[in-house]
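Quick notes on the structure that follows.
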Amino acid sequence: MPDPLVIHCSPTNPRVLSVIVLMGLLSLATLIAGLTTVTTLGPLQIVIWLLIVAVFALIPVAYLRRTRLELDDRQLRVHVLIGPTSKIDRERVGAITMARRGTHFVLDTDGRRLTAFRDLWSYRQLEVLREELRADLIE
């Protein structure tokens with residue numbers, strides 16, 4: 001069994017980039033706010049403050065690692081940061097819709113929606129997926 005094709009969400013996508021920038025700014029703001037008041041904080045408050053900074057900094061890393069499309073010889077799986085993984089049998093996939101913004105859909109050969117996924121991947125990434133699935137890409 002060959003290794004599955006794994007396509008992580010694209011950091012150049014505006015939605016993904018906005019999450020990265022927002023969490024970076026929140027982490028920086030929390031760090032600065034804590035540094036300005038660190039002398040008035042107790043040891044437990046300092047630990048909590050550092051944990052909050054770390055959580056804000058790690059959310060983009062988790063988002064980039066967890067949000068992915070995975071294709072093996074049997075299934076296409078759509079992983080998201082929070083929520084269940086969608087699983088579709090590979091042979092059922094007939095097309096992938098390419099929305100300008102919003103939600104993409106994986107369609108069967110009759111045009112029925114099998115699953116949906118957010119607009120987090122680049123056109124090039126979806127083209128690679130389409131080629132591997134031998135499916136249509138509908139814009």
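Identifiers in the structure tokens: chain A, B, ... in order shown; residue index from 1 per chain; ligand index from 1 in order shown.
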Fill in: Long-range neighbours of stretch 121-136 of chain A as a ChimeraX atom specification, 12 Å cut-off, only C-alpha atoms, 3 positions minimum in chain
/A:4-17,64,67-78,88-109,111,117-118,139
Fill in: Interatomic distance, atom CA of A:Pro84 to atom CA of A:Asp110 (Å, one decimal)
25.1 Å
Fill in: Residues near A:Val61, cut-off 10 Å, only C-alpha atoms, skip fewer than 5 positions along chain, as a ChimeraX atom specification
/A:20,56,66
Worksheet entry | DSSP strand (DSSP E) selection over stretch 20-97 of chain A, as number ranges by chain | A: 68-71, 75-79, 86-89, 93-97
Practice prompt. Measure the distance from atom CA of A:Gly24 to atom CA of A:Ala57 in Å and round it to one decimal.
Written response: 6.1 Å
Practice prompt. Based on DSSP run over this structure's backbone, return all residues of stretch 15-78 of chain A in helix (DSSP H, G or I), as a ChimeraX atom specification.
Written response: /A:15-40,43-66
Fill in: Between atom CA of A:Leu31 and atom CA of A:Val55 - distance in Å to one decimal
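Between atom CA of A:Val55 and atom CA of A:Leu31 the gap works out to 11.6 Å.
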